file target.pdb (PDB, C-alpha atoms)
ATOM      1  CA  MET X   1     -70.307  46.343  -3.581
ATOM      2  CA  LYS X   2     -67.608  43.883  -2.627
ATOM      3  CA  THR X   3     -68.641  40.721  -0.875
ATOM      4  CA  GLU X   4     -66.399  41.504   2.127
ATOM      5  CA  LYS X   5     -67.937  44.923   2.582
ATOM      6  CA  ARG X   6     -71.453  43.540   2.254
ATOM      7  CA  TYR X   7     -70.596  40.897   4.864
ATOM      8  CA  PHE X   8     -69.203  43.577   7.200
ATOM      9  CA  LEU X   9     -72.284  45.776   6.807
ATOM     10  CA  CYS X  10     -74.575  42.806   7.408
ATOM     11  CA  LYS X  11     -72.707  42.008  10.628
ATOM     12  CA  ALA X  12     -72.746  45.680  11.667
ATOM     13  CA  GLN X  13     -76.490  45.781  11.104
ATOM     14  CA  ALA X  14     -76.929  42.625  13.183
ATOM     15  CA  TYR X  15     -74.791  44.173  15.917
ATOM     16  CA  LEU X  16     -76.920  47.336  16.024
ATOM     17  CA  ASN X  17     -80.097  45.270  16.183
ATOM     18  CA  SER X  18     -78.611  43.219  19.026
ATOM     19  CA  VAL X  19     -77.623  46.311  20.992
ATOM     20  CA  VAL X  20     -81.126  47.746  20.625
ATOM     21  CA  SER X  21     -82.500  44.446  21.893
ATOM     22  CA  ALA X  22     -80.067  44.457  24.841
ATOM     23  CA  VAL X  23     -80.959  48.048  25.761
ATOM     24  CA  ASN X  24     -84.648  47.162  25.559
ATOM     25  CA  SER X  25     -84.049  44.154  27.837
ATOM     26  CA  LEU X  26     -82.160  46.294  30.352
ATOM     27  CA  SER X  27     -85.001  48.794  30.348
ATOM     28  CA  GLY X  28     -87.465  45.967  30.913
ATOM     29  CA  MET X  29     -85.390  44.784  33.853
ATOM     30  CA  VAL X  30     -85.503  48.234  35.453
ATOM     31  CA  MET X  31     -89.281  48.359  35.105
ATOM     32  CA  SER X  32     -89.878  44.754  36.140
ATOM     33  CA  SER X  33     -91.908  43.903  39.203
ATOM     34  CA  GLU X  34     -88.969  41.846  40.486
ATOM     35  CA  LEU X  35     -86.945  45.037  40.986
ATOM     36  CA  HIS X  36     -89.803  47.126  42.344
ATOM     37  CA  GLY X  37     -88.344  48.865  45.363
ATOM     38  CA  ASN X  38     -84.762  47.791  44.597
ATOM     39  CA  VAL X  39     -83.606  51.291  43.723
ATOM     40  CA  GLU X  40     -79.899  50.440  43.777
ATOM     41  CA  SER X  41     -80.285  47.742  41.118
ATOM     42  CA  GLN X  42     -82.595  49.922  39.032
ATOM     43  CA  TYR X  43     -80.012  52.695  39.137
ATOM     44  CA  LYS X  44     -77.105  50.384  38.218
ATOM     45  CA  ILE X  45     -79.002  48.887  35.291
ATOM     46  CA  THR X  46     -80.014  52.328  34.025
ATOM     47  CA  VAL X  47     -76.391  53.483  34.128
ATOM     48  CA  GLU X  48     -75.356  50.335  32.234
ATOM     49  CA  LEU X  49     -78.057  51.025  29.632
ATOM     50  CA  LEU X  50     -76.810  54.585  29.146
ATOM     51  CA  GLU X  51     -73.200  53.448  28.834
ATOM     52  CA  LEU X  52     -74.198  50.883  26.214
ATOM     53  CA  GLU X  53     -76.086  53.509  24.204
ATOM     54  CA  GLN X  54     -73.169  55.926  24.387
ATOM     55  CA  ALA X  55     -70.623  53.267  23.425
ATOM     56  CA  THR X  56     -72.821  52.324  20.482
ATOM     57  CA  SER X  57     -72.991  55.943  19.380
ATOM     58  CA  GLU X  58     -69.193  56.154  19.486
ATOM     59  CA  PHE X  59     -68.954  52.886  17.533
ATOM     60  CA  ILE X  60     -71.355  54.207  14.878
ATOM     61  CA  THR X  61     -69.278  57.366  14.502
ATOM     62  CA  GLY X  62     -65.921  55.587  14.593
ATOM     63  CA  MET X  63     -66.920  53.013  11.999
ATOM     64  CA  GLU X  64     -68.818  55.604   9.922
ATOM     65  CA  LEU X  65     -71.933  53.438   9.997
ATOM     66  CA  ASP X  66     -74.111  56.528   9.751
ATOM     67  CA  ALA X  67     -72.779  56.940   6.197
ATOM     68  CA  GLU X  68     -72.799  53.223   5.348
ATOM     69  CA  LEU X  69     -76.095  52.189   6.991
ATOM     70  CA  PRO X  70     -78.077  55.409   7.482
ATOM     71  CA  ASP X  71     -81.480  53.718   7.651
ATOM     72  CA  THR X  72     -80.344  51.114  10.169
ATOM     73  CA  VAL X  73     -78.624  53.758  12.295
ATOM     74  CA  ARG X  74     -81.687  56.026  12.196
ATOM     75  CA  ILE X  75     -84.013  53.178  13.187
ATOM     76  CA  SER X  76     -81.681  52.111  16.006
ATOM     77  CA  LYS X  77     -81.488  55.637  17.365
ATOM     78  CA  GLN X  78     -85.265  56.058  17.132
ATOM     79  CA  LYS X  79     -85.709  52.825  19.078
ATOM     80  CA  PHE X  80     -83.234  54.061  21.705
ATOM     81  CA  MET X  81     -85.289  57.262  22.014
ATOM     82  CA  ASN X  82     -88.518  55.282  22.479
ATOM     83  CA  ILE X  83     -86.917  53.034  25.092
ATOM     84  CA  ASN X  84     -85.483  56.053  26.905
ATOM     85  CA  GLU X  85     -88.864  57.822  26.875
ATOM     86  CA  ARG X  86     -90.565  54.837  28.505
ATOM     87  CA  LEU X  87     -87.777  54.614  31.063
ATOM     88  CA  ILE X  88     -87.929  58.360  31.817
ATOM     89  CA  LYS X  89     -91.672  58.135  32.473
ATOM     90  CA  TYR X  90     -91.178  55.131  34.734
ATOM     91  CA  LEU X  91     -88.322  56.729  36.695
ATOM     92  CA  GLU X  92     -90.261  59.991  37.083
ATOM     93  CA  LYS X  93     -93.180  57.997  38.448
ATOM     94  CA  ILE X  94     -91.115  56.145  41.052
ATOM     95  CA  GLN X  95     -89.254  59.336  41.881
ATOM     96  CA  LEU X  96     -92.577  60.658  43.184
ATOM     97  CA  GLN X  97     -92.271  57.958  45.849
ATOM     98  CA  GLY X  98     -89.175  59.696  47.229
ATOM     99  CA  TYR X  99     -86.405  58.039  45.235
ATOM    100  CA  HIS X 100     -83.759  60.263  43.687
ATOM    101  CA  PHE X 101     -83.287  59.582  40.007
ATOM    102  CA  ASP X 102     -82.733  63.211  38.966
ATOM    103  CA  HIS X 103     -79.279  62.552  37.547
ATOM    104  CA  VAL X 104     -80.204  59.556  35.381
ATOM    105  CA  ILE X 105     -83.463  61.168  34.243
ATOM    106  CA  SER X 106     -81.527  64.262  33.156
ATOM    107  CA  THR X 107     -78.949  62.082  31.430
ATOM    108  CA  LEU X 108     -81.663  60.102  29.619
ATOM    109  CA  LYS X 109     -83.315  63.330  28.483
ATOM    110  CA  LEU X 110     -79.977  64.690  27.276
ATOM    111  CA  GLU X 111     -79.288  61.410  25.466
ATOM    112  CA  ASN X 112     -82.677  61.651  23.753
ATOM    113  CA  SER X 113     -81.987  65.222  22.729
ATOM    114  CA  THR X 114     -78.652  64.177  21.248
ATOM    115  CA  LEU X 115     -80.199  61.190  19.464
ATOM    116  CA  LYS X 116     -82.953  63.373  18.040
ATOM    117  CA  GLU X 117     -80.415  65.836  16.696
ATOM    118  CA  GLU X 118     -78.261  63.038  15.234
ATOM    119  CA  THR X 119     -81.189  61.389  13.475
ATOM    120  CA  HIS X 120     -82.151  64.737  11.990
ATOM    121  CA  PHE X 121     -78.876  64.691  10.037
ATOM    122  CA  LEU X 122     -79.234  61.132   8.701
TER
END
call {"tool": "encode", "arguments": {"input": "target.pdb", "output": "structure tokens"}}
result
Amino acid sequence: MKTEKRYFLCKAQAYLNSVVSAVNSLSGMVMSSELHGNVESQYKITVELLELEQATSEFITGMELDAELPDTVRISKQKFMNINERLIKYLEKIQLQGYHFDHVISTLKLENSTLKEETHFL
């Protein structure tokens, strides 16, 4: 493998790891005690998290990273699914308190379904 390509793939792998870390941090912010009761901020952060995951998925496809780095892509997507699962459980719990998170919960579940299907093909 050429040095330039190896360098690119190393940077792409670092990028994917960084995005997973950022998504995990955003999820942690939503579930933090500091935002307990601040539904507007929790909602905004969750939407940002979803947009970041979706942009990353488009980047993976556009740059054909699933072919170049299948293990890294699979691990990243599995981590996204785990993060989303924790967030879904949290949002369902606070929804019982009368907050309306139906839309983002459905979107997170759909995202997980898509990620599961995509990782099946890696």
call {"tool": "residues_around", "arguments": {"input": "target.pdb", "residues": "X:Thr114", "least_positions_apart": "3", "cutoff": "12 Å", "atoms": "all atoms listed in the file", "output": "PyMOL selection string"}}
result
chain X and resi 53-54+57+77-78+80-81+107-111+117-121
call {"tool": "atom_distance", "arguments": {"input": "target.pdb", "atom1": "atom CA of X:Glu34", "atom2": "atom CA of X:Tyr15"}}
result
28.5 Å
call {"tool": "atom_distance", "arguments": {"input": "target.pdb", "atom1": "atom CA of X:Ile105", "atom2": "atom CA of X:Asn38"}}
result
17.0 Å
call {"tool": "resolve_selection", "arguments": {"input": "target.pdb", "expression": "the PyMOL selection byres ((chain X and resi 23) around 8)", "output": "ChimeraX atom specification"}}
result
/X:19-22,24-27,49,52-53,80,83
call {"tool": "resolve_selection", "arguments": {"input": "target.pdb", "expression": "the PyMOL selection byres ((chain X and resi 31) around 12)", "output": "ChimeraX atom specification"}}
result
/X:24-30,32-39,41-43,45-46,83-84,86-94
call {"tool": "atom_distance", "arguments": {"input": "target.pdb", "atom1": "atom CA of X:His100", "atom2": "atom CA of X:Lys44"}}
result
13.1 Å
call {"tool": "resolve_selection", "arguments": {"input": "target.pdb", "expression": "the PyMOL selection byres ((chain X and resi 66) around 12)", "output": "ChimeraX atom specification"}}
result
/X:9,12-13,16,56-65,67-77,118-122
call {"tool": "axis_aligned_box", "arguments": {"input": "target.pdb", "around": "stretch 23-37 of chain X", "padding_each_side": "3 Å", "output": "lines of an AutoDock Vina configuration file"}}
result
center_x = -86.4
center_y = 45.4
center_z = 35.5
size_x = 16.9
size_y = 13.0
size_z = 25.8
